[in-house]
Amino acid sequence: MPKIVDWYMENKINIDDLTTHTMPLEDIDKSFDLTKRGESVGGVVLFYRRQSAQLH
């Protein structure tokens, strides 16, 4: 896993375009529901609180 992070940080791989949704941790159940329904294949759960967490 550390190597993949290195590749991402060096712009050797693009993960951003694979992200379909971002959600705060308190909405993790919604994230699982989206995945089960096939509506999200690249969800990211944010482990910090931000002012305006939203779906992409």
# chains A, B, ... in the order shown; residues from 1 in each chain; ligands from 1
$ residues_around --residues "Phe32 of chain A" --least-positions-apart "6" --cutoff "12 Å" --atoms "only C-alpha atoms" --output "PyMOL selection string"
chain A and resi 21-23+25-26+38-45
$ write_last_selection --atoms "C-alpha atoms" --output "PDB file, in the first residue's frame"
ATOM      1  CA  HIS A  21     -18.676   9.952  -3.821  1.00  0.00           C
ATOM      2  CA  THR A  22     -17.172  11.553  -0.731  1.00  0.00           C
ATOM      3  CA  MET A  23     -18.976  11.469   2.601  1.00  0.00           C
ATOM      4  CA  LEU A  25     -17.790   9.401   8.617  1.00  0.00           C
ATOM      5  CA  GLU A  26     -21.226   9.916  10.153  1.00  0.00           C
ATOM      6  CA  GLY A  38     -24.252  -0.301  -7.427  1.00  0.00           C
ATOM      7  CA  GLU A  39     -24.417   3.502  -7.396  1.00  0.00           C
ATOM      8  CA  SER A  40     -20.947   4.022  -5.939  1.00  0.00           C
ATOM      9  CA  VAL A  41     -17.816   2.111  -6.777  1.00  0.00           C
ATOM     10  CA  GLY A  42     -15.231   4.575  -5.545  1.00  0.00           C
ATOM     11  CA  GLY A  43     -16.535   6.122  -2.357  1.00  0.00           C
ATOM     12  CA  VAL A  44     -14.252   7.962   0.030  1.00  0.00           C
ATOM     13  CA  VAL A  45     -15.135   8.347   3.704  1.00  0.00           C
TER      14      VAL A  45
END
$ select_by_dssp --residues "chain A" --states "helix (DSSP H, G or I)" --output "ChimeraX atom specification"
/A:2-9,16-18,25-36
$ write_last_selection --atoms "N, CA, C and O atoms" --output "PDB file, in the first residue's frame"
ATOM      1  N   PRO A   2       1.943   1.341   0.756  1.00  0.00           N
ATOM      2  CA  PRO A   2       2.755   2.561   0.729  1.00  0.00           C
ATOM      3  C   PRO A   2       3.253   2.910  -0.682  1.00  0.00           C
ATOM      4  O   PRO A   2       3.344   4.089  -1.025  1.00  0.00           O
ATOM      5  N   LYS A   3       3.545   1.920  -1.483  1.00  0.00           N
ATOM      6  CA  LYS A   3       4.024   2.182  -2.841  1.00  0.00           C
ATOM      7  C   LYS A   3       2.939   2.848  -3.680  1.00  0.00           C
ATOM      8  O   LYS A   3       3.212   3.764  -4.455  1.00  0.00           O
ATOM      9  N   ILE A   4       1.700   2.406  -3.504  1.00  0.00           N
ATOM     10  CA  ILE A   4       0.588   3.015  -4.242  1.00  0.00           C
ATOM     11  C   ILE A   4       0.427   4.476  -3.826  1.00  0.00           C
ATOM     12  O   ILE A   4       0.179   5.347  -4.663  1.00  0.00           O
ATOM     13  N   VAL A   5       0.568   4.760  -2.551  1.00  0.00           N
ATOM     14  CA  VAL A   5       0.502   6.148  -2.075  1.00  0.00           C
ATOM     15  C   VAL A   5       1.624   6.964  -2.713  1.00  0.00           C
ATOM     16  O   VAL A   5       1.402   8.089  -3.171  1.00  0.00           O
ATOM     17  N   ASP A   6       2.816   6.392  -2.767  1.00  0.00           N
ATOM     18  CA  ASP A   6       3.939   7.084  -3.418  1.00  0.00           C
ATOM     19  C   ASP A   6       3.620   7.386  -4.877  1.00  0.00           C
ATOM     20  O   ASP A   6       3.854   8.499  -5.354  1.00  0.00           O
ATOM     21  N   TRP A   7       3.092   6.408  -5.599  1.00  0.00           N
ATOM     22  CA  TRP A   7       2.749   6.614  -7.019  1.00  0.00           C
ATOM     23  C   TRP A   7       1.724   7.725  -7.166  1.00  0.00           C
ATOM     24  O   TRP A   7       1.814   8.548  -8.061  1.00  0.00           O
ATOM     25  N   TYR A   8       0.728   7.729  -6.269  1.00  0.00           N
ATOM     26  CA  TYR A   8      -0.291   8.765  -6.315  1.00  0.00           C
ATOM     27  C   TYR A   8       0.327  10.142  -6.060  1.00  0.00           C
ATOM     28  O   TYR A   8       0.055  11.097  -6.794  1.00  0.00           O
ATOM     29  N   MET A   9       1.162  10.233  -5.045  1.00  0.00           N
ATOM     30  CA  MET A   9       1.791  11.510  -4.698  1.00  0.00           C
ATOM     31  C   MET A   9       2.732  11.993  -5.796  1.00  0.00           C
ATOM     32  O   MET A   9       2.946  13.192  -5.961  1.00  0.00           O
ATOM     33  N   ASP A  16      -8.115  10.059  -8.344  1.00  0.00           N
ATOM     34  CA  ASP A  16      -9.186  11.047  -8.195  1.00  0.00           C
ATOM     35  C   ASP A  16     -10.350  10.798  -9.148  1.00  0.00           C
ATOM     36  O   ASP A  16     -11.513  10.946  -8.765  1.00  0.00           O
ATOM     37  N   ASP A  17     -10.072  10.432 -10.383  1.00  0.00           N
ATOM     38  CA  ASP A  17     -11.141  10.194 -11.349  1.00  0.00           C
ATOM     39  C   ASP A  17     -11.966   8.946 -11.038  1.00  0.00           C
ATOM     40  O   ASP A  17     -13.049   8.764 -11.594  1.00  0.00           O
ATOM     41  N   LEU A  18     -11.471   8.096 -10.152  1.00  0.00           N
ATOM     42  CA  LEU A  18     -12.198   6.884  -9.765  1.00  0.00           C
ATOM     43  C   LEU A  18     -13.134   7.124  -8.583  1.00  0.00           C
ATOM     44  O   LEU A  18     -13.933   6.257  -8.233  1.00  0.00           O
ATOM     45  N   LEU A  25     -17.712  10.675   7.897  1.00  0.00           N
ATOM     46  CA  LEU A  25     -17.790   9.401   8.617  1.00  0.00           C
ATOM     47  C   LEU A  25     -19.191   9.120   9.144  1.00  0.00           C
ATOM     48  O   LEU A  25     -19.656   7.981   9.103  1.00  0.00           O
ATOM     49  N   GLU A  26     -19.892  10.155   9.589  1.00  0.00           N
ATOM     50  CA  GLU A  26     -21.226   9.916  10.153  1.00  0.00           C
ATOM     51  C   GLU A  26     -22.226   9.418   9.102  1.00  0.00           C
ATOM     52  O   GLU A  26     -23.288   8.917   9.456  1.00  0.00           O
ATOM     53  N   ASP A  27     -21.892   9.511   7.817  1.00  0.00           N
ATOM     54  CA  ASP A  27     -22.762   9.006   6.746  1.00  0.00           C
ATOM     55  C   ASP A  27     -22.257   7.695   6.140  1.00  0.00           C
ATOM     56  O   ASP A  27     -22.641   7.328   5.033  1.00  0.00           O
ATOM     57  N   ILE A  28     -21.446   6.968   6.874  1.00  0.00           N
ATOM     58  CA  ILE A  28     -20.855   5.751   6.328  1.00  0.00           C
ATOM     59  C   ILE A  28     -21.922   4.721   5.941  1.00  0.00           C
ATOM     60  O   ILE A  28     -21.764   3.995   4.959  1.00  0.00           O
ATOM     61  N   ASP A  29     -23.041   4.682   6.679  1.00  0.00           N
ATOM     62  CA  ASP A  29     -24.115   3.744   6.321  1.00  0.00           C
ATOM     63  C   ASP A  29     -24.686   4.070   4.943  1.00  0.00           C
ATOM     64  O   ASP A  29     -24.991   3.176   4.154  1.00  0.00           O
ATOM     65  N   LYS A  30     -24.817   5.359   4.627  1.00  0.00           N
ATOM     66  CA  LYS A  30     -25.286   5.776   3.305  1.00  0.00           C
ATOM     67  C   LYS A  30     -24.301   5.320   2.230  1.00  0.00           C
ATOM     68  O   LYS A  30     -24.694   4.902   1.142  1.00  0.00           O
ATOM     69  N   SER A  31     -23.015   5.407   2.550  1.00  0.00           N
ATOM     70  CA  SER A  31     -21.984   4.984   1.603  1.00  0.00           C
ATOM     71  C   SER A  31     -22.104   3.493   1.288  1.00  0.00           C
ATOM     72  O   SER A  31     -22.028   3.085   0.130  1.00  0.00           O
ATOM     73  N   PHE A  32     -22.335   2.678   2.320  1.00  0.00           N
ATOM     74  CA  PHE A  32     -22.523   1.243   2.108  1.00  0.00           C
ATOM     75  C   PHE A  32     -23.781   0.971   1.286  1.00  0.00           C
ATOM     76  O   PHE A  32     -23.780   0.106   0.403  1.00  0.00           O
ATOM     77  N   ASP A  33     -24.849   1.716   1.561  1.00  0.00           N
ATOM     78  CA  ASP A  33     -26.089   1.542   0.801  1.00  0.00           C
ATOM     79  C   ASP A  33     -25.877   1.856  -0.675  1.00  0.00           C
ATOM     80  O   ASP A  33     -26.353   1.129  -1.552  1.00  0.00           O
ATOM     81  N   LEU A  34     -25.169   2.944  -0.980  1.00  0.00           N
ATOM     82  CA  LEU A  34     -24.878   3.294  -2.368  1.00  0.00           C
ATOM     83  C   LEU A  34     -24.081   2.191  -3.058  1.00  0.00           C
ATOM     84  O   LEU A  34     -24.336   1.838  -4.209  1.00  0.00           O
ATOM     85  N   THR A  35     -23.118   1.630  -2.341  1.00  0.00           N
ATOM     86  CA  THR A  35     -22.289   0.568  -2.903  1.00  0.00           C
ATOM     87  C   THR A  35     -23.129  -0.679  -3.162  1.00  0.00           C
ATOM     88  O   THR A  35     -23.014  -1.298  -4.231  1.00  0.00           O
ATOM     89  N   LYS A  36     -23.963  -1.047  -2.214  1.00  0.00           N
ATOM     90  CA  LYS A  36     -24.827  -2.228  -2.385  1.00  0.00           C
ATOM     91  C   LYS A  36     -25.753  -2.087  -3.591  1.00  0.00           C
ATOM     92  O   LYS A  36     -26.036  -3.057  -4.285  1.00  0.00           O
TER      93      LYS A  36
END
$ select_by_dssp --residues "chain A" --states "strand (DSSP E)" --output "VMD selection string"
chain A and resid 21 to 24 43 to 46
